[in-house]
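Colleague: Contents of protein22.cif (mmCIF, C-alpha atoms and all ligand atoms):
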data_run
loop_
_atom_site.label_atom_id
_atom_site.label_comp_id
_atom_site.auth_asym_id
_atom_site.auth_seq_id
_atom_site.Cartn_x
_atom_site.Cartn_y
_atom_site.Cartn_z
CA MET A 1249 -24.95 -50.75 18.06
CA GLN A 1250 -28.14 -52.44 19.24
CA THR A 1251 -28.95 -55.94 17.97
CA SER A 1252 -32.44 -57.43 17.98
CA SER A 1253 -31.66 -59.28 21.22
CA SER A 1254 -29.75 -56.58 23.14
CA PRO A 1255 -31.43 -53.79 25.10
CA PRO A 1256 -30.91 -50.27 23.75
CA LYS A 1257 -28.13 -48.15 25.24
CA ILE A 1258 -29.49 -44.86 26.56
CA ALA A 1259 -27.88 -41.40 26.68
CA ILE A 1260 -29.41 -38.69 28.85
CA LEU A 1261 -28.31 -35.41 27.28
CA GLY A 1262 -28.25 -32.72 29.93
CA GLY A 1263 -28.52 -35.59 32.41
CA THR A 1264 -26.91 -33.63 35.23
CA GLY A 1265 -30.01 -31.60 36.17
CA LYS A 1266 -33.28 -32.47 37.91
CA GLU A 1267 -35.19 -34.65 35.39
CA GLY A 1268 -32.37 -36.64 33.80
CA PRO A 1269 -30.95 -38.37 36.90
CA GLY A 1270 -34.33 -39.79 37.94
CA LEU A 1271 -34.84 -41.37 34.51
CA ALA A 1272 -31.22 -42.57 34.49
CA MET A 1273 -31.55 -44.25 37.89
CA ARG A 1274 -34.77 -46.04 36.99
CA TRP A 1275 -33.33 -47.38 33.70
CA ALA A 1276 -29.96 -48.29 35.22
CA SER A 1277 -31.80 -50.23 37.95
CA ALA A 1278 -33.68 -52.08 35.21
CA GLY A 1279 -30.37 -53.16 33.64
CA TYR A 1280 -29.92 -50.61 30.83
CA GLN A 1281 -26.50 -49.14 30.00
CA ILE A 1282 -26.74 -45.40 30.71
CA PHE A 1283 -24.53 -42.55 29.51
CA ILE A 1284 -25.01 -39.27 31.38
CA GLY A 1285 -24.30 -36.36 29.05
CA SER A 1286 -23.23 -32.85 29.96
CA ARG A 1287 -21.54 -29.87 28.33
CA GLN A 1288 -18.71 -30.52 30.80
CA LEU A 1289 -17.07 -33.93 31.03
CA GLU A 1290 -16.19 -33.53 34.73
CA LYS A 1291 -19.78 -32.66 35.63
CA ALA A 1292 -21.07 -35.70 33.73
CA LYS A 1293 -18.56 -37.96 35.46
CA SER A 1294 -19.37 -36.67 38.93
CA THR A 1295 -23.13 -37.10 38.34
CA ALA A 1296 -22.47 -40.67 37.13
CA VAL A 1297 -20.40 -41.39 40.26
CA GLU A 1298 -23.19 -40.03 42.50
CA LEU A 1299 -25.91 -42.05 40.77
CA ASN A 1300 -23.85 -45.26 40.76
CA ALA A 1301 -23.17 -44.79 44.50
CA GLU A 1302 -26.85 -44.25 45.21
CA LEU A 1303 -27.79 -47.44 43.33
CA GLY A 1304 -24.79 -49.62 44.25
CA LEU A 1305 -23.92 -49.97 40.56
CA GLU A 1306 -20.91 -49.17 38.37
CA THR A 1307 -22.68 -49.13 35.03
CA ILE A 1308 -23.57 -45.44 34.62
CA VAL A 1309 -20.93 -43.56 32.63
CA GLY A 1310 -20.46 -39.78 32.32
CA LEU A 1311 -19.49 -38.27 28.95
CA GLU A 1312 -19.76 -35.00 27.06
CA ASN A 1313 -23.18 -34.74 25.39
CA ALA A 1314 -21.99 -35.51 21.84
CA ASP A 1315 -19.96 -38.53 22.94
CA ALA A 1316 -22.89 -39.81 25.00
CA ALA A 1317 -25.18 -39.45 21.98
CA ARG A 1318 -22.76 -41.33 19.71
CA GLN A 1319 -22.52 -44.26 22.17
CA ALA A 1320 -26.30 -44.66 22.53
CA ASP A 1321 -29.19 -46.10 20.54
CA ILE A 1322 -31.81 -43.92 22.23
CA CYS A 1323 -30.98 -40.38 23.42
CA VAL A 1324 -33.20 -38.53 25.88
CA LEU A 1325 -32.98 -34.74 25.83
CA THR A 1326 -33.34 -33.22 29.30
CA VAL A 1327 -31.55 -29.90 28.90
CA VAL A 1328 -33.17 -26.85 30.46
CA GLN A 1329 -36.10 -25.66 28.33
CA THR A 1330 -34.39 -22.42 27.24
CA ALA A 1331 -31.44 -24.38 25.75
CA HIS A 1332 -33.63 -26.74 23.70
CA GLN A 1333 -32.93 -25.45 20.19
CA ALA A 1334 -29.27 -24.57 20.72
CA ALA A 1335 -28.55 -27.97 22.24
CA LEU A 1336 -30.24 -29.79 19.35
CA GLU A 1337 -28.34 -27.75 16.80
CA SER A 1338 -25.02 -28.53 18.49
CA LEU A 1339 -25.84 -32.26 18.70
CA ARG A 1340 -27.35 -32.63 15.23
CA GLU A 1341 -24.51 -34.68 13.73
CA ALA A 1342 -24.08 -36.93 16.78
CA LEU A 1343 -27.80 -37.76 16.80
CA GLN A 1344 -28.09 -38.96 13.19
CA GLY A 1345 -29.60 -42.47 13.00
CA LYS A 1346 -30.82 -42.41 16.64
CA ILE A 1347 -34.14 -42.14 18.39
CA LEU A 1348 -34.29 -38.77 20.18
CA VAL A 1349 -36.73 -38.59 23.07
CA ASP A 1350 -37.72 -34.99 23.78
CA ALA A 1351 -38.87 -34.44 27.37
CA THR A 1352 -39.24 -30.68 26.99
CA ALA A 1353 -42.21 -29.19 28.84
CA ARG A 1354 -43.32 -25.74 27.71
CA VAL A 1355 -43.67 -23.93 31.01
CA ASP A 1356 -43.92 -20.18 31.28
CA PHE A 1357 -43.25 -19.47 34.94
CA ARG A 1358 -44.01 -15.75 34.55
CA ALA A 1359 -47.42 -15.97 32.89
CA PRO A 1360 -48.73 -19.53 32.56
CA GLN A 1361 -50.59 -19.97 29.29
CA PRO A 1362 -51.11 -22.79 26.76
CA PRO A 1363 -48.15 -23.01 24.39
CA ALA A 1364 -48.65 -22.25 20.70
CA PRO A 1365 -47.73 -24.75 17.98
CA PRO A 1366 -45.35 -26.03 16.79
CA SER A 1367 -44.55 -28.41 19.61
CA ALA A 1368 -40.99 -28.47 20.95
CA ALA A 1369 -40.79 -32.02 19.61
CA ARG A 1370 -41.78 -30.86 16.10
CA ILE A 1371 -39.10 -28.15 16.31
CA ALA A 1372 -36.63 -30.88 17.31
CA GLN A 1373 -37.60 -33.02 14.30
CA ASP A 1374 -37.20 -30.03 11.96
CA ILE A 1375 -33.74 -29.26 13.37
CA LEU A 1376 -32.53 -32.88 13.32
CA GLY A 1377 -33.91 -33.93 9.93
CA PRO A 1378 -35.45 -37.17 8.65
CA HIS A 1379 -32.71 -39.57 9.81
CA VAL A 1380 -33.50 -38.98 13.48
CA ARG A 1381 -36.76 -40.39 14.84
CA VAL A 1382 -38.03 -37.90 17.41
CA VAL A 1383 -40.40 -39.10 20.14
CA ALA A 1384 -41.99 -36.75 22.68
CA ALA A 1385 -42.39 -38.28 26.15
CA PHE A 1386 -41.97 -37.76 29.93
CA GLN A 1387 -42.90 -34.04 29.85
CA ASN A 1388 -45.47 -34.62 32.62
CA VAL A 1389 -43.31 -36.86 34.83
CA PRO A 1390 -41.94 -34.78 37.71
CA ALA A 1391 -38.31 -35.24 38.75
CA HIS A 1392 -39.45 -35.62 42.37
CA ALA A 1393 -41.70 -38.54 41.47
CA LEU A 1394 -38.96 -40.33 39.53
CA LYS A 1395 -36.57 -40.23 42.48
CA LYS A 1396 -39.20 -41.18 45.06
CA ASN A 1397 -39.56 -44.89 45.85
CA LEU A 1398 -36.97 -46.04 43.34
CA GLY A 1399 -37.63 -49.65 42.47
CA GLN A 1400 -41.40 -49.18 42.89
CA PRO A 1401 -43.82 -48.55 40.00
CA LEU A 1402 -44.86 -44.93 39.53
CA ASP A 1403 -48.57 -44.18 39.55
CA THR A 1404 -48.30 -42.13 36.37
CA ASP A 1405 -49.12 -42.41 32.69
CA VAL A 1406 -46.88 -41.21 29.87
CA LEU A 1407 -48.35 -39.89 26.63
CA VAL A 1408 -45.94 -40.76 23.83
CA CYS A 1409 -46.16 -38.74 20.59
CA ALA A 1410 -44.19 -39.59 17.46
CA ASP A 1411 -44.56 -39.67 13.71
CA ASN A 1412 -42.84 -43.08 13.68
CA PHE A 1413 -44.88 -45.72 15.51
CA GLU A 1414 -41.98 -48.17 15.89
CA ALA A 1415 -39.89 -45.51 17.64
CA ALA A 1416 -42.86 -44.68 19.88
CA GLN A 1417 -43.13 -48.39 20.80
CA ALA A 1418 -39.45 -48.45 21.78
CA VAL A 1419 -40.04 -45.50 24.13
CA ILE A 1420 -43.22 -47.07 25.55
CA CYS A 1421 -41.03 -50.08 26.47
CA LEU A 1422 -38.57 -47.75 28.21
CA ALA A 1423 -41.33 -46.00 30.16
CA GLU A 1424 -42.66 -49.38 31.29
CA ALA A 1425 -39.16 -50.52 32.29
CA ALA A 1426 -38.99 -47.41 34.50
CA GLY A 1427 -42.29 -48.35 36.19
CA MET A 1428 -44.76 -46.17 34.27
CA ARG A 1429 -47.73 -46.90 32.03
CA ALA A 1430 -47.36 -45.41 28.55
CA TYR A 1431 -49.63 -44.90 25.57
CA TYR A 1432 -49.14 -43.87 21.96
CA ALA A 1433 -50.88 -40.47 21.65
CA GLY A 1434 -50.44 -39.60 17.98
CA SER A 1435 -48.07 -37.46 15.96
CA LEU A 1436 -45.39 -35.04 17.13
CA ASP A 1437 -47.86 -32.19 16.60
CA ASN A 1438 -50.03 -33.59 19.43
CA ALA A 1439 -47.09 -33.12 21.78
CA VAL A 1440 -47.90 -29.40 22.10
CA VAL A 1441 -50.86 -30.35 24.31
CA VAL A 1442 -48.74 -32.65 26.48
CA GLU A 1443 -45.98 -30.04 26.78
CA GLY A 1444 -48.55 -27.47 27.96
CA LEU A 1445 -50.08 -29.74 30.60
CA THR A 1446 -46.98 -29.38 32.76
CA SER A 1447 -47.93 -25.78 33.66
CA LEU A 1448 -51.24 -27.10 34.95
CA LEU A 1449 -49.44 -29.77 37.00
CA ILE A 1450 -47.23 -27.08 38.56
CA SER A 1451 -50.39 -25.17 39.56
CA LEU A 1452 -51.77 -28.38 41.09
CA ASN A 1453 -48.51 -28.92 43.00
CA LYS A 1454 -48.83 -25.40 44.47
CA GLN A 1455 -52.51 -25.83 45.29
CA TYR A 1456 -52.03 -29.16 47.06
CA GLY A 1457 -48.55 -28.60 48.54
CA VAL A 1458 -46.79 -31.44 46.69
CA LYS A 1459 -44.10 -31.77 43.98
CA THR A 1460 -45.33 -34.95 42.35
CA ALA A 1461 -48.55 -34.17 40.43
CA SER A 1462 -48.66 -36.07 37.15
CA ILE A 1463 -51.31 -37.46 34.80
CA GLY A 1464 -53.43 -40.61 34.55
CA VAL A 1465 -55.57 -41.83 31.66
CA THR A 1466 -58.71 -43.87 32.22
CA GLY A 1467 -60.84 -45.94 29.89
CA LEU A 1468 -58.01 -47.60 27.99
CA GLU A 1469 -57.29 -51.31 28.20
CA LYS A 1470 -53.71 -52.45 27.94
CA ASP A 1471 -52.15 -55.90 28.35
N1 LIG B 1501 -37.77 -30.93 36.40
C1 LIG B 1501 -38.89 -31.62 36.17
O1 LIG B 1501 -39.61 -32.06 37.11
C2 LIG B 1501 -39.32 -31.89 34.75
C3 LIG B 1501 -40.44 -32.69 34.51
C4 LIG B 1501 -40.83 -32.99 33.20
C5 LIG B 1501 -40.09 -32.47 32.13
N2 LIG B 1501 -39.02 -31.67 32.40
C6 LIG B 1501 -38.26 -31.14 31.25
O2 LIG B 1501 -36.98 -31.73 31.27
C7 LIG B 1501 -36.01 -30.78 30.81
C8 LIG B 1501 -34.94 -30.60 31.89
O3 LIG B 1501 -35.55 -30.07 33.04
P1 LIG B 1501 -34.69 -29.96 34.39
O4 LIG B 1501 -35.62 -29.44 35.42
O5 LIG B 1501 -33.92 -31.21 34.60
O6 LIG B 1501 -33.66 -28.79 33.95
P2 LIG B 1501 -32.38 -28.24 34.72
O7 LIG B 1501 -32.09 -29.09 35.91
O8 LIG B 1501 -32.58 -26.78 34.94
O9 LIG B 1501 -31.21 -28.39 33.62
C9 LIG B 1501 -30.88 -29.62 33.03
C10 LIG B 1501 -29.52 -29.51 32.39
O10 LIG B 1501 -29.55 -28.61 31.28
C11 LIG B 1501 -28.19 -28.32 30.97
N3 LIG B 1501 -28.06 -26.97 30.44
C12 LIG B 1501 -28.24 -25.80 31.10
N4 LIG B 1501 -28.03 -24.75 30.29
C13 LIG B 1501 -27.68 -25.27 29.08
C14 LIG B 1501 -27.32 -24.70 27.83
N5 LIG B 1501 -27.25 -23.37 27.65
N6 LIG B 1501 -27.02 -25.56 26.81
C15 LIG B 1501 -27.10 -26.90 26.98
N7 LIG B 1501 -27.41 -27.49 28.14
C16 LIG B 1501 -27.71 -26.68 29.18
C17 LIG B 1501 -27.38 -28.50 32.26
O11 LIG B 1501 -26.45 -29.54 32.03
P3 LIG B 1501 -24.86 -29.30 31.93
O12 LIG B 1501 -24.55 -28.02 32.63
O13 LIG B 1501 -24.32 -30.49 32.64
O14 LIG B 1501 -24.55 -29.29 30.48
C18 LIG B 1501 -28.43 -28.91 33.27
O15 LIG B 1501 -27.96 -29.85 34.21
C19 LIG B 1501 -36.78 -29.48 30.51
O16 LIG B 1501 -37.09 -29.44 29.15
C20 LIG B 1501 -38.05 -29.63 31.31
O17 LIG B 1501 -39.12 -28.94 30.72
C21 LIG B 1501 -38.60 -31.37 33.66
#
Can you dump the structure from the file as structure tokens?
Modeller:
Amino acid sequence: MQTSSSPPKIAILGGTGKEGPGLAMRWASAGYQIFIGSRQLEKAKSTAVELNAELGLETIVGLENADAARQADICVLTVVQTAHQAALESLREALQGKILVDATARVDFRAPQPPAPPSAARIAQDILGPHVRVVAAFQNVPAHALKKNLGQPLDTDVLVCADNFEAAQAVICLAEAAGMRAYYAGSLDNAVVVEGLTSLLISLNKQYGVKTASIGVTGLEKD
């Protein structure tokens, strides 16, 4: 359990794929305790071993998703988009009392179009109930960018949507610890816009032959 002086412990649920490991490595490098979650314990453990080896650490631990969620203060959901609802339903009990960060981008690879409300993050809040504080973030941060130049700041901004401002602030701190700028962008309903931007970023990647297109906000002053 987190105390006021200790940093939050972080679980990455579905942390064995493309997006989760990059976030895990950046937070582990910044000194956070990380639990990599998977449906399969062995897969979680082998991802943790790989990431520790890459960073020269021994602090990343692999667990089944529900165990990872129970050990953490803040859980970051990075399961494949199509498993979003089923994963949340199966982890509902383990997530009670936590902050759940939903990184789900709504990308239709067949026919790109703006997603319709409700946002994936709003769906998550409805599934998890009032004792979980859902925060939408990192949907526009490409896995390739996270893994590139580890230890260096990322030239990217994160729009953080939540109904609970305190939970949003906690996630803004995490984004900054991982080398990103982050801003509170309103309620969970606003997340539908952020989730839809990722399709546009994929089009930009194709157009410009990169894998790292992300977003930047201008005109805001931040300490
Ligand atoms: N990739 C990116 O650049 C990027 C950028 C921004 C946001 N996102 C978002 O981040 C999330 C993860 O994206 P990704 O590219 O990392 O996905 P991914 O690599 O395709 O999959 C991530 C993990 O999802 C788990 N998974 C697969 N099927 C599942 C199921 N039926 N039930 C539960 N878990 C399942 C797998 O973990 P186990 O087999 O170990 O359980 C897998 O390692 C998505 O919502 C995506 O929109 C991705």
Colleague: Under the rule that all atoms listed in the file are counted, which of A:Glu1424, A:Glu1414, A:Glu1290, A:Asp1350 is the nearest residue to A:Pro1401?
Modeller: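 Under the stated criterion, the closest residue is A:Glu1424.
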Colleague: May I ask you to write as a PyMOL selection string all residues lying at most 6 Å from ligand LIG 1501 (chain B), with only C-alpha atoms and all ligand atoms counted?
Modeller: chain A and resi 1262+1264-1268+1286-1288+1291+1326-1329+1331+1335+1351-1353+1386-1391
Colleague: Grab the atom CA of A:Ser1451 to atom CA of A:Val1408 distance for me, in Å with one decimal place.
Modeller: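 Here the two named atoms are 22.6 Å from each other.
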Colleague: What gap, in Å, lies between atom CA of A:Ala1393 and atom CA of A:Ile1308?
Modeller: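 So the two atoms, atom CA of A:Ala1393 and atom CA of A:Ile1308, lie 20.6 Å apart.
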Colleague: Residues at most 6 Å from A:Ser1435, counting all atoms listed in the file, excluding those fewer than 3 positions away in the same chain, as a ChimeraX atom specification?
Modeller: /A:1409-1411,1438
Colleague: Please list as a PyMOL selection string every residue within 7 Å of A:Gly1310, counting only C-alpha atoms and excluding residues in the same chain fewer than 3 positions away.
Modeller: chain A and resi 1283-1285+1289+1292-1293+1296
Colleague: Rebuild stretch 1399-1429 of chain A to N, CA and C atoms - output it as a PDB file, keeping the file's coordinate frame, please.
Modeller:
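See out-v2.pdb below for the written result:
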ATOM      1  N   GLY A1399     -37.396 -48.203  42.395  1.00  0.00           N
ATOM      2  CA  GLY A1399     -37.630 -49.650  42.470  1.00  0.00           C
ATOM      3  C   GLY A1399     -39.110 -49.987  42.559  1.00  0.00           C
ATOM      4  N   GLN A1400     -39.942 -48.975  42.847  1.00  0.00           N
ATOM      5  CA  GLN A1400     -41.400 -49.180  42.890  1.00  0.00           C
ATOM      6  C   GLN A1400     -42.013 -48.594  41.613  1.00  0.00           C
ATOM      7  N   PRO A1401     -43.137 -49.170  41.155  1.00  0.00           N
ATOM      8  CA  PRO A1401     -43.820 -48.550  40.000  1.00  0.00           C
ATOM      9  C   PRO A1401     -44.282 -47.137  40.346  1.00  0.00           C
ATOM     10  N   LEU A1402     -44.354 -46.290  39.340  1.00  0.00           N
ATOM     11  CA  LEU A1402     -44.860 -44.930  39.530  1.00  0.00           C
ATOM     12  C   LEU A1402     -46.326 -44.916  39.142  1.00  0.00           C
ATOM     13  N   ASP A1403     -47.157 -44.255  39.919  1.00  0.00           N
ATOM     14  CA  ASP A1403     -48.570 -44.180  39.550  1.00  0.00           C
ATOM     15  C   ASP A1403     -48.748 -43.026  38.565  1.00  0.00           C
ATOM     16  N   THR A1404     -48.206 -43.197  37.361  1.00  0.00           N
ATOM     17  CA  THR A1404     -48.300 -42.130  36.370  1.00  0.00           C
ATOM     18  C   THR A1404     -48.366 -42.717  34.961  1.00  0.00           C
ATOM     19  N   ASP A1405     -49.026 -41.995  34.081  1.00  0.00           N
ATOM     20  CA  ASP A1405     -49.120 -42.410  32.690  1.00  0.00           C
ATOM     21  C   ASP A1405     -48.293 -41.454  31.825  1.00  0.00           C
ATOM     22  N   VAL A1406     -47.714 -42.005  30.774  1.00  0.00           N
ATOM     23  CA  VAL A1406     -46.880 -41.210  29.870  1.00  0.00           C
ATOM     24  C   VAL A1406     -47.547 -41.210  28.497  1.00  0.00           C
ATOM     25  N   LEU A1407     -47.796 -40.014  27.981  1.00  0.00           N
ATOM     26  CA  LEU A1407     -48.350 -39.890  26.630  1.00  0.00           C
ATOM     27  C   LEU A1407     -47.172 -39.753  25.670  1.00  0.00           C
ATOM     28  N   VAL A1408     -47.094 -40.680  24.727  1.00  0.00           N
ATOM     29  CA  VAL A1408     -45.940 -40.760  23.830  1.00  0.00           C
ATOM     30  C   VAL A1408     -46.384 -40.334  22.426  1.00  0.00           C
ATOM     31  N   CYS A1409     -45.796 -39.253  21.928  1.00  0.00           N
ATOM     32  CA  CYS A1409     -46.160 -38.740  20.590  1.00  0.00           C
ATOM     33  C   CYS A1409     -44.974 -38.905  19.642  1.00  0.00           C
ATOM     34  N   ALA A1410     -45.256 -39.405  18.464  1.00  0.00           N
ATOM     35  CA  ALA A1410     -44.190 -39.590  17.460  1.00  0.00           C
ATOM     36  C   ALA A1410     -44.825 -39.748  16.104  1.00  0.00           C
ATOM     37  N   ASP A1411     -44.084 -39.389  15.060  1.00  0.00           N
ATOM     38  CA  ASP A1411     -44.560 -39.670  13.710  1.00  0.00           C
ATOM     39  C   ASP A1411     -44.259 -41.113  13.332  1.00  0.00           C
ATOM     40  N   ASN A1412     -43.252 -41.706  13.981  1.00  0.00           N
ATOM     41  CA  ASN A1412     -42.840 -43.080  13.680  1.00  0.00           C
ATOM     42  C   ASN A1412     -43.313 -43.999  14.806  1.00  0.00           C
ATOM     43  N   PHE A1413     -44.248 -44.889  14.481  1.00  0.00           N
ATOM     44  CA  PHE A1413     -44.880 -45.720  15.510  1.00  0.00           C
ATOM     45  C   PHE A1413     -43.883 -46.692  16.150  1.00  0.00           C
ATOM     46  N   GLU A1414     -42.963 -47.220  15.349  1.00  0.00           N
ATOM     47  CA  GLU A1414     -41.980 -48.170  15.890  1.00  0.00           C
ATOM     48  C   GLU A1414     -41.094 -47.490  16.945  1.00  0.00           C
ATOM     49  N   ALA A1415     -40.701 -46.253  16.657  1.00  0.00           N
ATOM     50  CA  ALA A1415     -39.890 -45.510  17.640  1.00  0.00           C
ATOM     51  C   ALA A1415     -40.707 -45.239  18.898  1.00  0.00           C
ATOM     52  N   ALA A1416     -41.991 -44.910  18.713  1.00  0.00           N
ATOM     53  CA  ALA A1416     -42.860 -44.680  19.880  1.00  0.00           C
ATOM     54  C   ALA A1416     -42.938 -45.950  20.732  1.00  0.00           C
ATOM     55  N   GLN A1417     -43.059 -47.117  20.057  1.00  0.00           N
ATOM     56  CA  GLN A1417     -43.130 -48.390  20.800  1.00  0.00           C
ATOM     57  C   GLN A1417     -41.869 -48.616  21.620  1.00  0.00           C
ATOM     58  N   ALA A1418     -40.720 -48.278  21.058  1.00  0.00           N
ATOM     59  CA  ALA A1418     -39.450 -48.450  21.780  1.00  0.00           C
ATOM     60  C   ALA A1418     -39.443 -47.598  23.055  1.00  0.00           C
ATOM     61  N   VAL A1419     -40.023 -46.400  22.957  1.00  0.00           N
ATOM     62  CA  VAL A1419     -40.040 -45.500  24.130  1.00  0.00           C
ATOM     63  C   VAL A1419     -41.111 -45.944  25.132  1.00  0.00           C
ATOM     64  N   ILE A1420     -42.208 -46.500  24.639  1.00  0.00           N
ATOM     65  CA  ILE A1420     -43.220 -47.070  25.550  1.00  0.00           C
ATOM     66  C   ILE A1420     -42.576 -48.192  26.377  1.00  0.00           C
ATOM     67  N   CYS A1421     -41.751 -49.015  25.736  1.00  0.00           N
ATOM     68  CA  CYS A1421     -41.030 -50.080  26.470  1.00  0.00           C
ATOM     69  C   CYS A1421     -40.129 -49.481  27.550  1.00  0.00           C
ATOM     70  N   LEU A1422     -39.452 -48.393  27.225  1.00  0.00           N
ATOM     71  CA  LEU A1422     -38.570 -47.750  28.210  1.00  0.00           C
ATOM     72  C   LEU A1422     -39.363 -47.193  29.388  1.00  0.00           C
ATOM     73  N   ALA A1423     -40.497 -46.552  29.079  1.00  0.00           N
ATOM     74  CA  ALA A1423     -41.330 -46.000  30.160  1.00  0.00           C
ATOM     75  C   ALA A1423     -41.793 -47.129  31.078  1.00  0.00           C
ATOM     76  N   GLU A1424     -42.182 -48.246  30.475  1.00  0.00           N
ATOM     77  CA  GLU A1424     -42.660 -49.380  31.290  1.00  0.00           C
ATOM     78  C   GLU A1424     -41.506 -49.961  32.111  1.00  0.00           C
ATOM     79  N   ALA A1425     -40.318 -50.006  31.536  1.00  0.00           N
ATOM     80  CA  ALA A1425     -39.160 -50.520  32.290  1.00  0.00           C
ATOM     81  C   ALA A1425     -38.859 -49.631  33.490  1.00  0.00           C
ATOM     82  N   ALA A1426     -39.212 -48.346  33.387  1.00  0.00           N
ATOM     83  CA  ALA A1426     -38.990 -47.410  34.500  1.00  0.00           C
ATOM     84  C   ALA A1426     -40.181 -47.370  35.456  1.00  0.00           C
ATOM     85  N   GLY A1427     -41.169 -48.229  35.236  1.00  0.00           N
ATOM     86  CA  GLY A1427     -42.290 -48.350  36.190  1.00  0.00           C
ATOM     87  C   GLY A1427     -43.495 -47.487  35.893  1.00  0.00           C
ATOM     88  N   MET A1428     -43.609 -47.017  34.637  1.00  0.00           N
ATOM     89  CA  MET A1428     -44.760 -46.170  34.270  1.00  0.00           C
ATOM     90  C   MET A1428     -45.633 -46.874  33.240  1.00  0.00           C
ATOM     91  N   ARG A1429     -46.895 -46.468  33.153  1.00  0.00           N
ATOM     92  CA  ARG A1429     -47.730 -46.900  32.030  1.00  0.00           C
ATOM     93  C   ARG A1429     -47.518 -45.880  30.908  1.00  0.00           C
TER      94      ARG A1429
END
